[in-house]
Each structure stands twice: as C-alpha cells, then as structure tokens.
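Asker: Structure in structure tokens, see below.
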Amino acid sequence: MLARPVVLALSVMIALVPQVHVGNAPPVKLWRLDCGVIQVDDLNEFSDTYAYTGRSKRLTVSCYLIKHGGEYMLWDTGLPKRDLSLPLQGKDSKGETLSVSLVDQLGQLAVDPKKITLIGISHYHYDHTGQVDDFHQARLLLGHHDVQGLRAPDHPEAKALAYWLNGPGKLDEVVGDRDVFGDGLVVMLDLPGHTPGHHGLLVKLSKFGYVLLSGDVAHFRENYDSDGLPGWNTDRAQSLASLERVKKIVRNLQATFVIQHEVEDIEKLPKFPDAAE
Ligand SMILES: [Zn+2]
C-alpha cells in the first residue's frame, strides 16, 4: 500500500513516460545521412568560459531518416545545397561544405523524396534547415517557442522556413514533448536553451535499443561531458537544465546518445546506406 501522494506521483510519472507497445509495434528503422562539414577555427565560439583557447575543430553535420511502419520522417535537413563542393578551407571558403544532397541520398535508398511526410527540425539554425525546401509536401514539426522567435521582425533564420511560416506548408508547432506517432517509438524531447524551442529526438529501435539524437543540446563530446555552452545560446539556465535532463534519460533508458555535430558520435550508428533497426 502506498501513501496517496506517492500513488499520485507514480501515476503522473507513468503518464509522462512514452508508452511502448512492443507486441504489435510497427518496425522502425533509422539511417544517418551526411548533411555537411563545418570548420571551426576558434573553438571558443562554443564556450562562454573560454575553455578552448587556441583550439580549432571540425564538426560534422548530420541528418536522419526514420521509417515508422510505412511512413518516412526526416530529422533535420542540414546545410544548404549552395554549399555543395565548396572548399572547406583557404580561398573562396565559407568554412563549410556539403558533398551530397539529401535528395541524392534518399535516391540511393530508393526512397522517393515525395514520400517524406514528416520533417522534425531540432531548432531554427541554418545548418539544420538548409535543404527543407526539397520537401514541401511534408508536415513540419518545430518547437512552438522557435516558431514564436522566428515570427519576430526580420529574424535572420526565418527565410529558410518561409514556406511553412508564411506559405501553404503544413506547420505543426510542438509544445513540450511530442510523441510523433502516438506509440512512444519516436518522441521529440523538449530541450530548450540553445534556442527557445529546441528539441532532441528519442527513437526506440527493436534491436538497437533507444537512440537519443541531440539536436544541438551539445556540439561535441568534450563540451557535453563538461556542461560547456556557447555564449550565443538563448538561455544559459535552460541549456544546463536540458543537459541534465538528457544525461538522466541516457542513463535511465541506456540510450545511445548521438551528438549530431560530433564525428565520433554519429559513428555509433551504422554507416550509410545501412540502417539501425
Ligand atoms: Zn547545429
């Protein structure tokens, strides 16, 4: 027999935990896609405590394809196609490059881009929205507070999502967590701080187990391990709370945590064109 407050607390917890129906769960597959490379010449851009003075680093940009039953979802859409074949360093460099487009990679998987019905965007930064315009038929899932931010006058990141913000695209504003398919297998996690409506994505795979895709709650392993934060996050306290939440989820679910900009982390998933299942 449990005291009434304990019973109440337990029932609230049960309601909040994603419900996974293993018996008749649809098959879920997860592919990692190449969405570019960014050269960071001054790594202190990613530390408001000057932790990386004199250091540089190469960040990867990754996107993800999820197949849930017969439905396809993209998670983030990477650098824009104007970066295709740009030099990464030296003359004419913008410090970023793309070697293959999302549409080409879907082609290699024999997935018609028109079959993408959902796009989850972790947050509104340009390196996560770059190729979204190739998927106008998809419903766009984006944190409500990011949408609010983008509606401020002349927001520099709003243009990339204009088709959904101001045009005919189907925009789905995500408040809090979102169980995308209603069966607990693919859940957008509310992790604000990097931007006001920032989210990560938790995917439950039948053999591989849980995978947590970071969004930009952290940009590389070292700043994740040390709770390091860029000075340009929109809210420092929220960012630390989101990091704490991620670390607890990773521990409680024994999830594979994938920092989307960290080469070592994306290599935890099978190499394209193979999928994690
Ligand atoms: Zn990013």
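We name chains A, B, ... following the order of the structure tokens; residues begin at 1 in each chain, and ligands are numbered from 1 as shown.
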Just the residues within 8 Å of Phe220 in chain A, please, counting only C-alpha atoms, with nothing from its chain fewer than 2 positions along; format it as a ChimeraX atom specification.
Answerer: /A:59,218,222-224,259,261-262
Asker: Counting only C-alpha atoms and all ligand atoms, which protein, DNA or RNA residues come within 10 Å of ligand 1, given as an mmCIF file with N, CA and C atoms, in the first residue's frame?
Answerer:
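Saved the output as pocket_5.cif:
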data_model
loop_
_atom_site.group_PDB
_atom_site.id
_atom_site.type_symbol
_atom_site.label_atom_id
_atom_site.label_comp_id
_atom_site.auth_asym_id
_atom_site.auth_seq_id
_atom_site.Cartn_x
_atom_site.Cartn_y
_atom_site.Cartn_z
ATOM 1 N N ILE A 38 31.527 21.442 -41.038
ATOM 2 C CA ILE A 38 31.815 22.837 -40.660
ATOM 3 C C ILE A 38 33.187 22.890 -40.015
ATOM 4 N N LEU A 59 33.526 20.028 -37.270
ATOM 5 C CA LEU A 59 32.245 19.450 -36.855
ATOM 6 C C LEU A 59 31.576 18.797 -38.057
ATOM 7 N N THR A 60 30.925 17.695 -37.808
ATOM 8 C CA THR A 60 30.122 17.095 -38.865
ATOM 9 C C THR A 60 28.695 17.666 -38.761
ATOM 10 N N VAL A 61 27.969 17.613 -39.851
ATOM 11 C CA VAL A 61 26.547 17.987 -39.821
ATOM 12 C C VAL A 61 25.787 16.741 -40.254
ATOM 13 N N SER A 62 24.912 16.265 -39.391
ATOM 14 C CA SER A 62 24.218 15.014 -39.710
ATOM 15 C C SER A 62 22.706 15.227 -39.703
ATOM 16 N N ASP A 76 15.978 16.943 -39.118
ATOM 17 C CA ASP A 76 16.909 17.992 -39.551
ATOM 18 C C ASP A 76 17.265 17.845 -41.036
ATOM 19 N N GLY A 78 20.092 19.827 -42.510
ATOM 20 C CA GLY A 78 21.493 20.091 -42.819
ATOM 21 C C GLY A 78 21.805 21.424 -43.478
ATOM 22 N N LEU A 79 23.018 21.461 -44.032
ATOM 23 C CA LEU A 79 23.499 22.668 -44.712
ATOM 24 C C LEU A 79 22.790 22.826 -46.055
ATOM 25 N N SER A 122 15.147 20.194 -35.229
ATOM 26 C CA SER A 122 15.553 20.343 -33.824
ATOM 27 C C SER A 122 15.483 21.795 -33.385
ATOM 28 N N HIS A 123 15.877 22.711 -34.283
ATOM 29 C CA HIS A 123 15.825 24.148 -33.975
ATOM 30 C C HIS A 123 16.096 24.926 -35.248
ATOM 31 N N TYR A 124 15.887 26.236 -35.203
ATOM 32 C CA TYR A 124 15.812 27.020 -36.435
ATOM 33 C C TYR A 124 17.140 27.412 -37.068
ATOM 34 N N HIS A 125 18.288 27.001 -36.543
ATOM 35 C CA HIS A 125 19.563 27.437 -37.135
ATOM 36 C C HIS A 125 19.739 26.883 -38.554
ATOM 37 N N TYR A 126 20.472 27.665 -39.368
ATOM 38 C CA TYR A 126 20.561 27.391 -40.802
ATOM 39 C C TYR A 126 21.165 26.024 -41.128
ATOM 40 N N ASP A 127 22.050 25.508 -40.243
ATOM 41 C CA ASP A 127 22.680 24.211 -40.530
ATOM 42 C C ASP A 127 21.741 23.042 -40.207
ATOM 43 N N HIS A 128 20.513 23.349 -39.824
ATOM 44 C CA HIS A 128 19.504 22.302 -39.570
ATOM 45 C C HIS A 128 18.295 22.433 -40.496
ATOM 46 N N THR A 129 18.244 23.551 -41.231
ATOM 47 C CA THR A 129 17.074 23.800 -42.095
ATOM 48 C C THR A 129 17.437 23.912 -43.580
ATOM 49 N N HIS A 194 19.341 26.201 -26.169
ATOM 50 C CA HIS A 194 20.169 26.555 -27.338
ATOM 51 C C HIS A 194 19.394 27.562 -28.188
ATOM 52 N N SER A 214 20.751 14.432 -30.501
ATOM 53 C CA SER A 214 20.961 15.561 -29.587
ATOM 54 C C SER A 214 20.318 16.877 -29.997
ATOM 55 N N GLY A 215 19.983 17.045 -31.316
ATOM 56 C CA GLY A 215 19.844 18.437 -31.750
ATOM 57 C C GLY A 215 21.173 19.113 -31.453
ATOM 58 N N ASP A 216 21.147 20.339 -30.929
ATOM 59 C CA ASP A 216 22.392 20.992 -30.517
ATOM 60 C C ASP A 216 22.395 21.260 -29.014
ATOM 61 N N VAL A 217 21.853 20.309 -28.238
ATOM 62 C CA VAL A 217 21.944 20.451 -26.785
ATOM 63 C C VAL A 217 23.418 20.464 -26.381
ATOM 64 N N ALA A 218 24.267 19.802 -27.212
ATOM 65 C CA ALA A 218 25.724 19.900 -27.107
ATOM 66 C C ALA A 218 26.264 19.782 -28.526
ATOM 67 N N HIS A 219 27.452 20.319 -28.775
ATOM 68 C CA HIS A 219 28.003 20.303 -30.136
ATOM 69 C C HIS A 219 29.115 19.283 -30.321
ATOM 70 N N GLN A 260 24.880 15.302 -32.713
ATOM 71 C CA GLN A 260 24.740 15.347 -34.174
ATOM 72 C C GLN A 260 25.903 16.013 -34.891
ATOM 73 N N HIS A 261 26.672 16.868 -34.197
ATOM 74 C CA HIS A 261 27.823 17.519 -34.825
ATOM 75 C C HIS A 261 29.139 16.802 -34.509
#
Asker: Excluding range 152-164 of chain A and residues on its chain fewer than 6 positions from it, collect all residues at most 10 Å away from it, counting only C-alpha atoms, and give them as a list in words.
Answerer: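 The contact residues come out as Pro80, Tyr124, His125, Tyr126, His128, Thr129, Gly130, Gln131, Val132, Asp133, His136, Ala138, Arg139, Leu140, Leu141, Asp146, Lys170, Leu171 and Asp172 of chain A.
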Asker: Could those selected residues go to a file with N, CA, C and O atoms, as a PDB file, in the first residue's frame?
Answerer:
ATOM      1  N   PRO A  80      22.701  24.070 -46.544  1.00  0.00           N
ATOM      2  CA  PRO A  80      22.021  24.301 -47.828  1.00  0.00           C
ATOM      3  C   PRO A  80      22.840  23.791 -49.014  1.00  0.00           C
ATOM      4  O   PRO A  80      24.066  23.682 -48.941  1.00  0.00           O
ATOM      5  N   TYR A 124      15.887  26.236 -35.203  1.00  0.00           N
ATOM      6  CA  TYR A 124      15.812  27.020 -36.435  1.00  0.00           C
ATOM      7  C   TYR A 124      17.140  27.412 -37.068  1.00  0.00           C
ATOM      8  O   TYR A 124      17.148  28.107 -38.069  1.00  0.00           O
ATOM      9  N   HIS A 125      18.288  27.001 -36.543  1.00  0.00           N
ATOM     10  CA  HIS A 125      19.563  27.437 -37.135  1.00  0.00           C
ATOM     11  C   HIS A 125      19.739  26.883 -38.554  1.00  0.00           C
ATOM     12  O   HIS A 125      19.310  25.771 -38.859  1.00  0.00           O
ATOM     13  N   TYR A 126      20.472  27.665 -39.368  1.00  0.00           N
ATOM     14  CA  TYR A 126      20.561  27.391 -40.802  1.00  0.00           C
ATOM     15  C   TYR A 126      21.165  26.024 -41.128  1.00  0.00           C
ATOM     16  O   TYR A 126      20.855  25.442 -42.170  1.00  0.00           O
ATOM     17  N   HIS A 128      20.513  23.349 -39.824  1.00  0.00           N
ATOM     18  CA  HIS A 128      19.504  22.302 -39.570  1.00  0.00           C
ATOM     19  C   HIS A 128      18.295  22.433 -40.496  1.00  0.00           C
ATOM     20  O   HIS A 128      17.446  21.551 -40.527  1.00  0.00           O
ATOM     21  N   THR A 129      18.244  23.551 -41.231  1.00  0.00           N
ATOM     22  CA  THR A 129      17.074  23.800 -42.095  1.00  0.00           C
ATOM     23  C   THR A 129      17.437  23.912 -43.580  1.00  0.00           C
ATOM     24  O   THR A 129      16.569  24.182 -44.413  1.00  0.00           O
ATOM     25  N   GLY A 130      18.730  23.687 -43.926  1.00  0.00           N
ATOM     26  CA  GLY A 130      19.249  24.066 -45.238  1.00  0.00           C
ATOM     27  C   GLY A 130      18.558  23.469 -46.457  1.00  0.00           C
ATOM     28  O   GLY A 130      18.485  24.107 -47.501  1.00  0.00           O
ATOM     29  N   GLN A 131      18.082  22.222 -46.355  1.00  0.00           N
ATOM     30  CA  GLN A 131      17.517  21.568 -47.554  1.00  0.00           C
ATOM     31  C   GLN A 131      16.023  21.288 -47.403  1.00  0.00           C
ATOM     32  O   GLN A 131      15.440  20.481 -48.134  1.00  0.00           O
ATOM     33  N   VAL A 132      15.397  21.983 -46.455  1.00  0.00           N
ATOM     34  CA  VAL A 132      13.996  21.698 -46.155  1.00  0.00           C
ATOM     35  C   VAL A 132      13.091  21.969 -47.361  1.00  0.00           C
ATOM     36  O   VAL A 132      12.058  21.306 -47.540  1.00  0.00           O
ATOM     37  N   ASP A 133      13.493  22.915 -48.230  1.00  0.00           N
ATOM     38  CA  ASP A 133      12.618  23.278 -49.354  1.00  0.00           C
ATOM     39  C   ASP A 133      12.468  22.162 -50.394  1.00  0.00           C
ATOM     40  O   ASP A 133      11.639  22.289 -51.300  1.00  0.00           O
ATOM     41  N   HIS A 136       8.409  20.087 -49.706  1.00  0.00           N
ATOM     42  CA  HIS A 136       7.274  20.960 -49.406  1.00  0.00           C
ATOM     43  C   HIS A 136       6.013  20.214 -49.004  1.00  0.00           C
ATOM     44  O   HIS A 136       5.131  20.779 -48.359  1.00  0.00           O
ATOM     45  N   ALA A 138       5.790  17.852 -46.925  1.00  0.00           N
ATOM     46  CA  ALA A 138       5.870  17.299 -45.565  1.00  0.00           C
ATOM     47  C   ALA A 138       5.295  18.264 -44.533  1.00  0.00           C
ATOM     48  O   ALA A 138       5.395  19.484 -44.671  1.00  0.00           O
ATOM     49  N   ARG A 139       4.705  17.682 -43.503  1.00  0.00           N
ATOM     50  CA  ARG A 139       4.293  18.466 -42.329  1.00  0.00           C
ATOM     51  C   ARG A 139       5.535  18.754 -41.504  1.00  0.00           C
ATOM     52  O   ARG A 139       6.335  17.845 -41.241  1.00  0.00           O
ATOM     53  N   LEU A 140       5.751  20.012 -41.135  1.00  0.00           N
ATOM     54  CA  LEU A 140       6.959  20.426 -40.439  1.00  0.00           C
ATOM     55  C   LEU A 140       6.696  20.534 -38.941  1.00  0.00           C
ATOM     56  O   LEU A 140       5.828  21.294 -38.520  1.00  0.00           O
ATOM     57  N   LEU A 141       7.453  19.769 -38.164  1.00  0.00           N
ATOM     58  CA  LEU A 141       7.343  19.823 -36.709  1.00  0.00           C
ATOM     59  C   LEU A 141       8.470  20.679 -36.163  1.00  0.00           C
ATOM     60  O   LEU A 141       9.646  20.356 -36.358  1.00  0.00           O
ATOM     61  N   ASP A 146      10.348  28.228 -30.875  1.00  0.00           N
ATOM     62  CA  ASP A 146      11.172  28.596 -32.033  1.00  0.00           C
ATOM     63  C   ASP A 146      10.314  29.315 -33.085  1.00  0.00           C
ATOM     64  O   ASP A 146      10.741  30.288 -33.679  1.00  0.00           O
ATOM     65  N   LYS A 170       2.371  22.824 -44.269  1.00  0.00           N
ATOM     66  CA  LYS A 170       1.691  22.414 -43.030  1.00  0.00           C
ATOM     67  C   LYS A 170       2.666  22.513 -41.857  1.00  0.00           C
ATOM     68  O   LYS A 170       3.603  21.725 -41.758  1.00  0.00           O
ATOM     69  N   LEU A 171       2.448  23.495 -40.978  1.00  0.00           N
ATOM     70  CA  LEU A 171       3.330  23.726 -39.839  1.00  0.00           C
ATOM     71  C   LEU A 171       2.670  23.191 -38.573  1.00  0.00           C
ATOM     72  O   LEU A 171       1.504  23.484 -38.297  1.00  0.00           O
ATOM     73  N   ASP A 172       3.414  22.391 -37.837  1.00  0.00           N
ATOM     74  CA  ASP A 172       2.906  21.763 -36.614  1.00  0.00           C
ATOM     75  C   ASP A 172       3.801  22.220 -35.463  1.00  0.00           C
ATOM     76  O   ASP A 172       4.940  21.787 -35.352  1.00  0.00           O
TER      77      ASP A 172
END
Asker: Using only C-alpha atoms, which of the listed residues (A:Arg32, A:His198, A:Lys67, A:His144) sits closest to Val263 in chain A?
Answerer: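 Answer, going by the shortest atom-to-atom distance: A:Arg32.
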Asker: As a list of chain:residue names, please: the residues near Gly231 in chain A (cut-off 10 Å, only C-alpha atoms, same-chain neighbours under 2 positions excluded).
Answerer: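 Contacts, in chain order: A:Asn44, A:Glu45, A:Phe46, A:Ser47, A:Asp48, A:Thr49, A:Tyr50, A:His194, A:Gly228, A:Leu229, A:Asn233, A:Thr234, A:Asp235, A:Arg236.
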Asker: Write down as a VMD selection string the residues of range 34-202 of chain A whose backbone DSSP state falls under strand (DSSP E or B).
Answerer: chain A and resid 34 to 40 57 to 68 71 to 75 84 96 to 98 116 to 120 139 to 143 171 to 174 178 to 179 186 to 190 199 to 202
Asker: Set the distance at 12 Å and use only C-alpha atoms: which residues neighbour Ile249 in chain A once local chain neighbours fewer than 3 positions away are removed? I'd like the list as an MDAnalysis selection string.
Answerer: chainID A and resid 17:18 189 191 200:202 210:214 242:246 252:257
Asker: Only N, CA and C atoms, please: the residues just picked out, written as a CSV table (one decimal), in the first residue's frame.
Answerer:
chain,number,residue,atom,x,y,z
A,17,VAL,N,5.9,8.9,-19.1
A,17,VAL,CA,6.8,8.1,-19.8
A,17,VAL,C,6.2,7.6,-21.1
A,18,PRO,N,7.0,7.7,-22.2
A,18,PRO,CA,6.4,7.2,-23.5
A,18,PRO,C,6.0,5.7,-23.4
A,189,LEU,N,11.8,15.6,-27.8
A,189,LEU,CA,12.0,15.9,-26.4
A,189,LEU,C,12.2,17.4,-26.3
A,191,LEU,N,13.9,20.4,-25.1
A,191,LEU,CA,15.2,20.7,-24.5
A,191,LEU,C,15.6,22.1,-24.9
A,200,GLY,N,15.3,17.6,-29.0
A,200,GLY,CA,16.1,16.4,-29.4
A,200,GLY,C,15.1,15.4,-29.8
A,201,LEU,N,15.6,14.2,-30.3
A,201,LEU,CA,14.6,13.1,-30.8
A,201,LEU,C,15.0,11.8,-30.2
A,202,LEU,N,14.1,11.2,-29.5
A,202,LEU,CA,14.3,9.9,-28.9
A,202,LEU,C,13.6,8.8,-29.8
A,210,TYR,N,17.2,2.2,-27.5
A,210,TYR,CA,16.9,3.7,-27.6
A,210,TYR,C,18.1,4.4,-28.2
A,211,VAL,N,17.8,5.4,-29.1
A,211,VAL,CA,18.8,6.3,-29.6
A,211,VAL,C,18.3,7.7,-29.3
A,212,LEU,N,19.1,8.5,-28.7
A,212,LEU,CA,18.7,9.9,-28.5
A,212,LEU,C,19.6,10.8,-29.4
A,213,LEU,N,18.9,11.5,-30.3
A,213,LEU,CA,19.6,12.4,-31.2
A,213,LEU,C,19.6,13.8,-30.6
A,214,SER,N,20.8,14.4,-30.5
A,214,SER,CA,21.0,15.6,-29.6
A,214,SER,C,20.3,16.9,-30.0
A,242,SER,N,18.5,21.4,-19.6
A,242,SER,CA,18.3,20.4,-20.7
A,242,SER,C,19.4,19.4,-20.8
A,243,LEU,N,20.6,19.8,-20.5
A,243,LEU,CA,21.7,18.9,-20.5
A,243,LEU,C,21.5,17.9,-19.4
A,244,GLU,N,21.1,18.4,-18.2
A,244,GLU,CA,20.8,17.5,-17.1
A,244,GLU,C,19.8,16.5,-17.4
A,245,ARG,N,18.7,16.9,-18.1
A,245,ARG,CA,17.6,16.0,-18.5
A,245,ARG,C,18.1,14.9,-19.4
A,246,VAL,N,18.9,15.4,-20.4
A,246,VAL,CA,19.4,14.4,-21.4
A,246,VAL,C,20.3,13.3,-20.7
A,252,ASN,N,18.9,6.4,-17.7
A,252,ASN,CA,17.7,5.6,-17.3
A,252,ASN,C,17.3,4.6,-18.4
A,253,LEU,N,17.4,5.0,-19.7
A,253,LEU,CA,17.0,4.2,-20.8
A,253,LEU,C,18.2,3.4,-21.4
A,254,GLN,N,19.4,3.7,-20.9
A,254,GLN,CA,20.6,3.1,-21.5
A,254,GLN,C,20.6,3.4,-23.0
A,255,ALA,N,20.3,4.7,-23.3
A,255,ALA,CA,20.2,5.1,-24.7
A,255,ALA,C,21.6,5.3,-25.3
A,256,THR,N,21.7,5.1,-26.6
A,256,THR,CA,22.8,5.6,-27.3
A,256,THR,C,22.7,7.0,-27.6
A,257,PHE,N,23.6,7.9,-27.1
A,257,PHE,CA,23.4,9.3,-27.3
A,257,PHE,C,24.3,9.7,-28.4
Asker: Which is closer to Gly69 in chain A than all the others in A:Gly90, A:Pro26, A:Gly193, A:Pro270, using only C-alpha atoms?
Answerer: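 For Gly69 in chain A, the nearest of the given residues is A:Pro26.
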Asker: Using Å and a single decimal, report how far CA of Pro196 in chain A sits from CA of Gln148 in chain A.
Answerer: 8.8 Å
Asker: Counting only C-alpha atoms, figure out which residue out of A:Ala275, A:Val37, A:Leu205, A:Leu240 gets nearest to Lys94 in chain A.
Answerer: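 Of the candidates, the smallest distance to Lys94 in chain A is held by A:Val37.
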Asker: Enter the distance from CA of Val187 in chain A to CA of Ile66 in chain A, in Å, rounded to one decimal.
Answerer: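 These two atoms are separated by 11.8 Å.
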Asker: Any idea what the distance is between CA of His68 in chain A and CA of Val147 in chain A?
Answerer: 25.8 Å
Asker: Using only C-alpha atoms, which of the listed residues (A:Val203, A:Gly107, A:Leu74, A:Gly167) sits closest to Gly184 in chain A?
Answerer: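 Looking at the shortest contact to Gly184 in chain A, the residue is A:Val203.
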Asker: Using DSSP assignments from the backbone, pull out every residue in range 5-249 of chain A that falls under helix (DSSP H, G or I) and give it to me as a VMD selection string.
Answerer: chain A and resid 5 to 16 43 to 46 81 to 83 102 to 108 113 to 115 126 to 129 132 to 135 144 to 150 159 to 165 221 to 225 236 to 249
Asker: So which residues touch range 33-36 of chain A within 8 Å, counting only C-alpha atoms, skipping near sequence neighbours fewer than 2 positions away, as a PyMOL selection string?
Answerer: chain A and resi 31+38+60-65+77-79+96-102+105+272
Asker: Please produce a file of those selected residues containing all heavy atoms, as a compact mmCIF listing (two decimals), in the first residue's frame.
Answerer:
# COMPACT_ATOMS: atom_id res chain seq x y z
N TRP A 31 18.32 5.76 -40.32
CA TRP A 31 19.53 5.95 -41.13
C TRP A 31 20.18 7.28 -40.75
O TRP A 31 19.47 8.28 -40.58
CB TRP A 31 19.19 6.05 -42.61
CG TRP A 31 18.74 4.82 -43.30
CD1 TRP A 31 19.51 3.96 -44.04
CD2 TRP A 31 17.40 4.31 -43.40
NE1 TRP A 31 18.74 2.96 -44.58
CE2 TRP A 31 17.43 3.15 -44.19
CE3 TRP A 31 16.17 4.72 -42.88
CZ2 TRP A 31 16.30 2.40 -44.49
CZ3 TRP A 31 15.04 3.97 -43.16
CH2 TRP A 31 15.11 2.83 -43.96
N ILE A 38 31.53 21.44 -41.04
CA ILE A 38 31.82 22.84 -40.66
C ILE A 38 33.19 22.89 -40.02
O ILE A 38 33.49 22.10 -39.11
CB ILE A 38 30.75 23.39 -39.67
CG1 ILE A 38 29.37 23.43 -40.33
CG2 ILE A 38 31.14 24.78 -39.16
CD1 ILE A 38 28.24 23.86 -39.38
N THR A 60 30.92 17.69 -37.81
CA THR A 60 30.12 17.10 -38.86
C THR A 60 28.70 17.67 -38.76
O THR A 60 28.30 18.19 -37.73
CB THR A 60 30.11 15.56 -38.72
OG1 THR A 60 29.50 15.00 -39.88
CG2 THR A 60 29.36 15.10 -37.49
N VAL A 61 27.97 17.61 -39.85
CA VAL A 61 26.55 17.99 -39.82
C VAL A 61 25.79 16.74 -40.25
O VAL A 61 26.02 16.22 -41.35
CB VAL A 61 26.25 19.17 -40.77
CG1 VAL A 61 24.79 19.58 -40.66
CG2 VAL A 61 27.16 20.35 -40.46
N SER A 62 24.91 16.27 -39.39
CA SER A 62 24.22 15.01 -39.71
C SER A 62 22.71 15.23 -39.70
O SER A 62 22.18 16.07 -38.99
CB SER A 62 24.60 13.92 -38.70
OG SER A 62 24.31 14.34 -37.38
N CYS A 63 22.04 14.45 -40.54
CA CYS A 63 20.58 14.41 -40.59
C CYS A 63 20.17 12.93 -40.47
O CYS A 63 21.03 12.05 -40.56
CB CYS A 63 20.06 14.92 -41.94
SG CYS A 63 20.57 16.58 -42.36
N TYR A 64 18.90 12.69 -40.30
CA TYR A 64 18.45 11.33 -40.04
C TYR A 64 17.15 11.05 -40.77
O TYR A 64 16.30 11.93 -40.89
CB TYR A 64 18.28 11.13 -38.52
CG TYR A 64 19.61 11.34 -37.83
CD1 TYR A 64 20.03 12.63 -37.48
CD2 TYR A 64 20.49 10.29 -37.65
CE1 TYR A 64 21.29 12.85 -36.93
CE2 TYR A 64 21.75 10.51 -37.12
CZ TYR A 64 22.14 11.78 -36.76
OH TYR A 64 23.39 12.00 -36.26
N LEU A 65 17.05 9.82 -41.26
CA LEU A 65 15.81 9.34 -41.87
C LEU A 65 15.24 8.26 -40.95
O LEU A 65 15.97 7.35 -40.54
CB LEU A 65 16.09 8.75 -43.26
CG LEU A 65 14.90 8.10 -43.96
CD1 LEU A 65 13.85 9.16 -44.36
CD2 LEU A 65 15.36 7.33 -45.21
N THR A 77 17.61 18.99 -41.63
CA THR A 77 17.86 18.96 -43.09
C THR A 77 19.20 19.59 -43.48
O THR A 77 19.44 19.83 -44.65
CB THR A 77 16.71 19.64 -43.87
OG1 THR A 77 16.65 21.02 -43.52
CG2 THR A 77 15.37 18.98 -43.58
N GLY A 78 20.09 19.83 -42.51
CA GLY A 78 21.49 20.09 -42.82
C GLY A 78 21.80 21.42 -43.48
O GLY A 78 21.00 22.37 -43.48
N LEU A 79 23.02 21.46 -44.03
CA LEU A 79 23.50 22.67 -44.71
C LEU A 79 22.79 22.83 -46.06
O LEU A 79 22.35 21.85 -46.66
CB LEU A 79 25.01 22.57 -44.94
CG LEU A 79 25.89 22.69 -43.67
CD1 LEU A 79 27.34 22.37 -44.00
CD2 LEU A 79 25.77 24.07 -43.05
N GLU A 96 32.52 25.87 -44.57
CA GLU A 96 31.54 24.77 -44.53
C GLU A 96 31.37 24.19 -45.93
O GLU A 96 31.60 24.88 -46.93
CB GLU A 96 30.19 25.25 -43.99
CG GLU A 96 29.56 26.34 -44.82
CD GLU A 96 28.37 26.99 -44.12
OE1 GLU A 96 28.48 27.27 -42.92
OE2 GLU A 96 27.35 27.19 -44.79
N THR A 97 31.03 22.93 -45.98
CA THR A 97 30.85 22.29 -47.28
C THR A 97 29.86 21.13 -47.18
O THR A 97 29.63 20.57 -46.10
CB THR A 97 32.20 21.78 -47.83
OG1 THR A 97 32.02 21.35 -49.19
CG2 THR A 97 32.74 20.62 -47.02
N LEU A 98 29.30 20.82 -48.34
CA LEU A 98 28.34 19.72 -48.46
C LEU A 98 28.82 18.85 -49.62
O LEU A 98 29.17 19.40 -50.68
CB LEU A 98 26.96 20.32 -48.76
CG LEU A 98 25.74 19.44 -48.79
CD1 LEU A 98 25.46 18.88 -47.39
CD2 LEU A 98 24.52 20.24 -49.26
N SER A 99 28.89 17.54 -49.43
CA SER A 99 29.37 16.71 -50.53
C SER A 99 28.24 15.98 -51.26
O SER A 99 28.42 15.55 -52.40
CB SER A 99 30.42 15.71 -50.04
OG SER A 99 29.87 14.91 -49.04
N VAL A 100 27.09 15.85 -50.62
CA VAL A 100 25.97 15.15 -51.27
C VAL A 100 24.66 15.70 -50.69
O VAL A 100 24.59 16.04 -49.50
CB VAL A 100 26.10 13.62 -51.06
CG1 VAL A 100 26.11 13.25 -49.57
CG2 VAL A 100 25.02 12.83 -51.77
N SER A 101 23.65 15.81 -51.53
CA SER A 101 22.37 16.36 -51.05
C SER A 101 21.53 15.27 -50.38
O SER A 101 21.75 14.08 -50.57
CB SER A 101 21.58 16.96 -52.22
OG SER A 101 21.10 15.92 -53.04
N LEU A 102 20.55 15.72 -49.62
CA LEU A 102 19.61 14.77 -49.01
C LEU A 102 18.84 14.00 -50.07
O LEU A 102 18.66 12.78 -49.96
CB LEU A 102 18.60 15.55 -48.15
CG LEU A 102 18.98 15.82 -46.70
CD1 LEU A 102 17.88 16.64 -46.04
CD2 LEU A 102 19.18 14.51 -45.95
N GLN A 105 20.86 11.24 -51.46
CA GLN A 105 20.99 10.11 -50.52
C GLN A 105 19.70 9.30 -50.44
O GLN A 105 19.73 8.07 -50.37
CB GLN A 105 21.42 10.61 -49.14
CG GLN A 105 22.86 11.10 -49.15
CD GLN A 105 23.25 11.77 -47.84
OE1 GLN A 105 23.65 11.11 -46.89
NE2 GLN A 105 23.12 13.09 -47.78
N PHE A 272 25.95 4.69 -43.55
CA PHE A 272 25.05 4.75 -44.71
C PHE A 272 25.58 3.86 -45.82
O PHE A 272 26.79 3.86 -46.06
CB PHE A 272 24.99 6.21 -45.18
CG PHE A 272 24.03 6.43 -46.33
CD1 PHE A 272 22.70 6.68 -46.09
CD2 PHE A 272 24.50 6.39 -47.64
CE1 PHE A 272 21.82 6.88 -47.14
CE2 PHE A 272 23.63 6.58 -48.69
CZ PHE A 272 22.29 6.83 -48.45
